[in-house]
Amino acid sequence: MKTRHLFGATALALLPAAAMMAQDTATCENCANTMTVVSWGGAYQNSQVKAYIEPYKALHPELTVVMDESSAESVAKMRAMAEAGNVTWDVVDTLASDAIRMCDEGLVMEFDDIDAVLAPAPDGTPASEDFGDLLINDCFVPQIVYSTTFGYRTDVADWGGKVPSTVCDVFDLETFPGKRALQKRPIDNMEWALYCDGVAKEEIYDVLGTDEGVERAFNKLNGIKDQVVWWTAGAETPQLLADGEVVIGSTFNGRLFSAIVEQNQPIAMLWDMQDFDLDGWTIPADLPEDRLNRVLDFLYFATDTQRLADQAQYISYGPARSSSAPLVGFSEVLGVDMAPHMPTDPANATNTHLYDYGWWADHRDDLDAKFQAWLTQ
Amino acid sequence: MTQATADQAKGSVLAADGTPLKVSLRRALRAQKLRALMLIAPLLAFIVIAFLMPIADMLFRSVENQIVPDTLPTTVVALEDWDAKGDALPGEPVFAALHDDLVVAAEAKTHTRLGSRLNYEDSGMSSLLRAAGRGVRRMSPDEPYEAQFIDMDKDWGDIETWRTIKLYSGAYTDGYLLNAIDMQKTVDGPELKPASQRIYVMLFLRTMLLSLTITFFTLLLGYPIAYLLAILPLRTSNLIMILVLLPFWTSLLVRTASWKVLLQQQGVINDLLVWVGLISDANRLVMINNATGTIIAMTHILLPFMILPLYSVMKTIPPSYLRAAKSLGANDWTAFWRVYFPQSVPGVGAGAILVFILSIGYYITPELVGGTSGIFISNRIAYHISISLNWGLAAALATMLLIVVLALYWVYDRMVGIDNVKLG
């Protein structure tokens with residue numbers, strides 16, 4: 001494995017940037033020649049194909065890549081496949097919270113030493129330092145940082161020229177009347193509600209851990225409840241905003257980016273208290289050796305500094321390596337400077353919120369039951 | 001005396017080869033039955049594998065709880081003597097047993113799985129067990145384990161943690177089924193959940209009510225169309241038939257999405273009503289993301305399932321009956337109501353059952369257009385299957401749904417009679 005990695009590193013050193021020439025190929029010993037990659041479909045999966053899979057296939061012409069678009073149901077499908085004893089997936093793109101669940105369930109493999117699996121940064125910094133805190137457990141290789149944040153319409157007559165500047169304006173029906181779109185789950189909404197009810201940011205989870213805190217968050221949300229359209233798919237909010245069904249709504253920042261930049265909708269971003277979250281790769285547990293070798297070889301390539309930065313050419317999600325950040329710049333593909341659209345851009349990240357994975361892993365089931373009961377009241 | 005003469009003496013008839021006719025006939029019939037069985041064998045095998053076995057598996061999952069005794073075998077035994085109703089923590093032997101079990105579990109990496117299982121019942125078990133899997137390796141066998149566990153996490157000194165483990169220590173549990181009807185296991189027996197967490201009974205009732213409403217509307221809209229289809233000349237009725245079938249050939253998601261475009265507040269219908277002046281711009285109707293949206297979209301989607309059985313039954317009603325009724329002095333309404341309608345009832349029954357059963361299990365359409373007041377119990381089942389991974393609870397909810405449907409079927413059979421259902 002070591003020699004292969006050395007070879008991989010040399011190949012990369014010889015071939016700067018993403019410009020891979022077809023005649024240059026790399027070898028992968030005892031590797032399966034097909035690989036099933038599971039992701040989210042749409043623009044996101046497309047960015048992965050362009051940034052990772054096509055360059056990798058150029059190096060390995062013998063490889064056939066099968067794309068699956070099941071990431072939204074990855075946890076349930078992985079469990080079903082593991083129970084049936086027939087795992088057909090090789091590498092699965094999931095949310096960090098889903099990776100934690102799968103890791104706890106023993107569905108995905110644990111990396112004993114992440115530095116042996118992932119490439120170091122170009123300056124030699126080991127991967128474990130380059131990814132830093134984003135390595136949230138032993139099963140998950142982070143890829144991008146995205147955020148759940150708000151977009152609002154810029155042409156609302158009722159607002160009298162004012163525009164929302166803080167997340168608490170979402171709760172202010174007096175100044176900013178109109179319907180809101182919020183995700184139909186307690187995560188994010190409860191935190192924003194408590195924050196706007198005057199709870200200090202660092203105390204949010206302590207307060208939310210008590211029955212009174214939950215009550216308090218629901219009370220805050222009660223103030224706008226009859227003006228909320230609850231969404232479940234990330235594409236709903238941009239659509240609702242574009243149709244004028246809602247005047248302000250939360251969704252993933254990349255969805256708003258494409259509505260604003262690619263479709264020129266009268267929408268603007270509200271980055272205040274954007275909630276950072278991670279998306280990345282997991283490998284199913286107990287893969288046969290040749291398939292595992294192939295996935296590890298691919299992962300080593302696809303998560304290096306340049307590749308992560310390349311993905312930001314196609315979609316406005318921040319690369320998970322700190323060494324990739326300086327490489328994100330003007331996108332030839334989209335014709336815009338990507339840096340100001342990144343959730344991690346300093347101008348956007350003045351007031352942010354970090355999703356607490358450990359806390360939600362413990363409280364998700366309980367709070368979700370309460371949240372659903374509250375919704376139906 | 002030979003056997004044959006003995007049989008003859010008893011009065012039985014013999015076949016040509018000397019065997020009693022009864023035996024011979026039975027043999028011939030058995031061969032025939034066997035042949036019939038062979039013919040249906042593929043279908044039978046299919047039904048057993050693809051229908052009965054999954055249902056049995058689901059019923060089993062709704063009570064199965066092997067993971068707790070499997071992961072904590074000695075702790076479960078040690079806990080048997082502990083009085084969960086008392087205020088005292090279980091003694092040192094239990095903590096020692098827990099230590100031994102967790103060492104084995106952490107080695108096999110099953111402790112986190114147990115944590116996810118118990119976290120469904122008591123928030124915090126997930127991280128408690130994840131940390132314990134790391135912590136037990138550092139524990140010293142010379143000091144009391146109780147103090148070491150509580151030192152590691154104070155929740156091990158919380159009596160509720162132990163009550164949860166004790167309540168769910170059996171290989172089978174009624175916990176999921178109780179949960180599915182808004183109840184919970186406590187040390188004092190099953191209790192209703194606090195009002196702020198009750199949801200499933202209400203969702204079951206809503207699912208029934210909305211499904212009945214949808215069935216009613218499909219009947220209301222479908223009956224006249226089916227009638228037209230049955231009485232109009234072939235050329236016209238074929239055209240209508242194509243219009244009825246057209247939605248069948250269109251993707252469900254496309255149809256649901258188009259209802260969104262039509263019904264939303266800035267949508268086509270509202271725009272039209274504002275333009276005509278029936279409503280003001282400020283008071284646009286809310287017709288989607290609520291129960292109304294679910295009823296409208298699902299009535300449309302399920303309409304063909306009502307029309308087709310109705311049509312196939314109506315087609316068999318001879319038009320001469322209506323003419324005969326009229327010639328005997330009945331007016332149009334009486335002829336329809338007393339002569340035509342009773343003969344179409346088997347079609348109404350078939351269509352109503354079909355639509356009702358289909359709508360009870362629907363979840364994509366309610367999820368997309370139902371908002372919060374128009375979602376069904378199936379949406380929660382889907383949630384527990386794919387998001388929370390609480391398959392036990394999902395199975396329990398599905399079991400409840402199955403029981404409710406069977407009960408309704410029984411009531412229907414009692415009131416209307418299942419023989420009165422005809423698909424043509």
# chains A, B, ... in the order shown; residues from 1 in each chain; ligands from 1
>>> residues_around(residues="Ala324 in chain B", least_positions_apart="4", cutoff="12 Å", atoms="only C-alpha atoms", output="NGL selection string")
:B and (318-320 or 328-332 or 335-336 or 339-340)
>>> closest_atom_pairs(of="chain B", to="chain A", cutoff="8 Å", atoms="only C-alpha atoms", output="Markdown table")
| residue | atom | partner | partner_atom | distance |
| --- | --- | --- | --- | --- |
| B:Lys109 | CA | A:Gly106 | CA | 7.0 |
| B:Thr110 | CA | A:Gly106 | CA | 7.4 |
| B:Thr112 | CA | A:Asp104 | CA | 4.8 |
| B:Arg113 | CA | A:Glu105 | CA | 4.8 |
| B:Ser116 | CA | A:Asp104 | CA | 7.3 |
| B:Asn119 | CA | A:Asp362 | CA | 6.7 |
| B:Tyr120 | CA | A:Asp365 | CA | 6.1 |
| B:Asp122 | CA | A:Asp366 | CA | 7.8 |
| B:Ser123 | CA | A:Asp362 | CA | 5.4 |
| B:Gly124 | CA | A:Asp362 | CA | 4.7 |
| B:Met125 | CA | A:Asp362 | CA | 6.9 |
| B:Ser126 | CA | A:Asp362 | CA | 5.6 |
| B:Ser127 | CA | A:Asp362 | CA | 6.3 |
| B:Ser196 | CA | A:Ala373 | CA | 6.3 |
| B:Gln197 | CA | A:Lys370 | CA | 5.1 |
| B:Arg198 | CA | A:Ala373 | CA | 6.2 |
| B:Ile199 | CA | A:Ala373 | CA | 5.3 |
| B:Gln264 | CA | A:Glu245 | CA | 7.2 |
| B:Gln265 | CA | A:Glu245 | CA | 6.3 |
| B:Gln266 | CA | A:Glu245 | CA | 6.0 |
| B:Asn289 | CA | A:Val229 | CA | 7.1 |
| B:Gly371 | CA | A:Trp230 | CA | 6.3 |
| B:Thr372 | CA | A:Thr376 | CA | 6.2 |
| B:Ser373 | CA | A:Thr376 | CA | 6.3 |
| B:Ile385 | CA | A:Ala76 | CA | 6.5 |
| B:Ser386 | CA | A:Ala76 | CA | 4.8 |
| B:Ile387 | CA | A:Ala76 | CA | 7.3 |
| B:Ser388 | CA | A:Asp365 | CA | 6.8 |
| B:Leu389 | CA | A:Ala76 | CA | 6.5 |
>>> select_by_dssp(residues="range 220-331 of chain A", states="helix (DSSP H, G or I)", output="ChimeraX atom specification")
/A:220-222,225-227,236-243,253-262,289-302,305-311,325-327
>>> residues_around(residues="range 67-69 of chain B", least_positions_apart="3", cutoff="6 Å", atoms="only C-alpha atoms", output="MDAnalysis selection string")
chainID B and resid 72:73 169
>>> residues_around(residues="Asn219 in chain A", least_positions_apart="5", cutoff="10 Å", atoms="only C-alpha atoms", output="ChimeraX atom specification")
/A:193-194,197,213-214,224-225
>>> atom_distance(atom1="CA of Gly351 in chain B", atom2="CA of Leu245 in chain B")
15.4 Å
>>> atom_distance(atom1="CA of Asp356 in chain A", atom2="CA of Pro126 in chain A")
25.3 Å
>>> atom_distance(atom1="CA of Gln45 in chain A", atom2="CA of Phe298 in chain A")
15.8 Å
>>> select_by_dssp(residues="range 134-341 of chain B", states="strand (DSSP E)", output="number ranges by chain")
B: 183-184, 191-192
>>> write_last_selection(atoms="all heavy atoms", output="mmCIF file, in the first residue's frame")
data_model
loop_
_atom_site.group_PDB
_atom_site.id
_atom_site.type_symbol
_atom_site.label_atom_id
_atom_site.label_comp_id
_atom_site.auth_asym_id
_atom_site.auth_seq_id
_atom_site.Cartn_x
_atom_site.Cartn_y
_atom_site.Cartn_z
ATOM 1 N N MET B 183 -47.878 5.288 24.338
ATOM 2 C CA MET B 183 -47.683 4.894 25.725
ATOM 3 C C MET B 183 -46.215 4.579 25.933
ATOM 4 O O MET B 183 -45.454 4.486 24.988
ATOM 5 C CB MET B 183 -48.550 3.681 26.060
ATOM 6 C CG MET B 183 -50.026 4.010 25.992
ATOM 7 S SD MET B 183 -51.052 2.602 26.314
ATOM 8 C CE MET B 183 -50.959 2.510 28.084
ATOM 9 N N GLN B 184 -45.824 4.439 27.194
ATOM 10 C CA GLN B 184 -44.432 4.100 27.458
ATOM 11 C C GLN B 184 -44.341 3.126 28.606
ATOM 12 O O GLN B 184 -45.227 3.062 29.456
ATOM 13 C CB GLN B 184 -43.631 5.376 27.768
ATOM 14 C CG GLN B 184 -44.160 6.142 28.957
ATOM 15 C CD GLN B 184 -43.503 7.499 29.085
ATOM 16 O OE1 GLN B 184 -42.710 7.894 28.245
ATOM 17 N NE2 GLN B 184 -43.821 8.212 30.149
ATOM 18 N N GLU B 191 -47.767 3.379 30.806
ATOM 19 C CA GLU B 191 -48.444 4.639 31.114
ATOM 20 C C GLU B 191 -48.584 5.449 29.850
ATOM 21 O O GLU B 191 -47.809 5.278 28.915
ATOM 22 C CB GLU B 191 -47.590 5.462 32.091
ATOM 23 C CG GLU B 191 -47.830 5.154 33.539
ATOM 24 C CD GLU B 191 -46.885 5.955 34.428
ATOM 25 O OE1 GLU B 191 -46.262 6.920 33.920
ATOM 26 O OE2 GLU B 191 -46.768 5.607 35.612
ATOM 27 N N LEU B 192 -49.558 6.365 29.830
ATOM 28 C CA LEU B 192 -49.659 7.292 28.705
ATOM 29 C C LEU B 192 -48.465 8.237 28.721
ATOM 30 O O LEU B 192 -47.998 8.625 29.782
ATOM 31 C CB LEU B 192 -50.931 8.123 28.847
ATOM 32 C CG LEU B 192 -52.148 7.664 28.060
ATOM 33 C CD1 LEU B 192 -53.277 8.660 28.272
ATOM 34 C CD2 LEU B 192 -51.833 7.559 26.575
#
>>> residues_around(residues="Gln227 in chain A", least_positions_apart="3", cutoff="7 Å", atoms="only C-alpha atoms", output="PDB file with N, CA, C and O atoms, in the first residue's frame")
ATOM      1  N   GLY A 178     -44.598  38.182   6.134  1.00  0.00           N
ATOM      2  CA  GLY A 178     -44.537  37.258   5.002  1.00  0.00           C
ATOM      3  C   GLY A 178     -44.232  35.853   5.480  1.00  0.00           C
ATOM      4  O   GLY A 178     -43.869  35.643   6.632  1.00  0.00           O
ATOM      5  N   LYS A 179     -44.393  34.917   4.564  1.00  0.00           N
ATOM      6  CA  LYS A 179     -44.187  33.519   4.956  1.00  0.00           C
ATOM      7  C   LYS A 179     -42.699  33.170   4.981  1.00  0.00           C
ATOM      8  O   LYS A 179     -41.902  33.748   4.259  1.00  0.00           O
ATOM      9  N   ARG A 180     -42.363  32.232   5.843  1.00  0.00           N
ATOM     10  CA  ARG A 180     -40.998  31.732   5.967  1.00  0.00           C
ATOM     11  C   ARG A 180     -40.950  30.254   5.603  1.00  0.00           C
ATOM     12  O   ARG A 180     -41.933  29.545   5.806  1.00  0.00           O
ATOM     13  N   ILE A 224     -44.079  32.409  15.026  1.00  0.00           N
ATOM     14  CA  ILE A 224     -44.125  32.460  13.558  1.00  0.00           C
ATOM     15  C   ILE A 224     -44.755  31.204  12.963  1.00  0.00           C
ATOM     16  O   ILE A 224     -44.872  31.071  11.751  1.00  0.00           O
TER      17      ILE A 224
END
>>> residues_around(residues="Gln143 in chain A", least_positions_apart="4", cutoff="9 Å", atoms="only C-alpha atoms", output="MDAnalysis selection string")
chainID A and resid 93 278:281 303 308 318:321
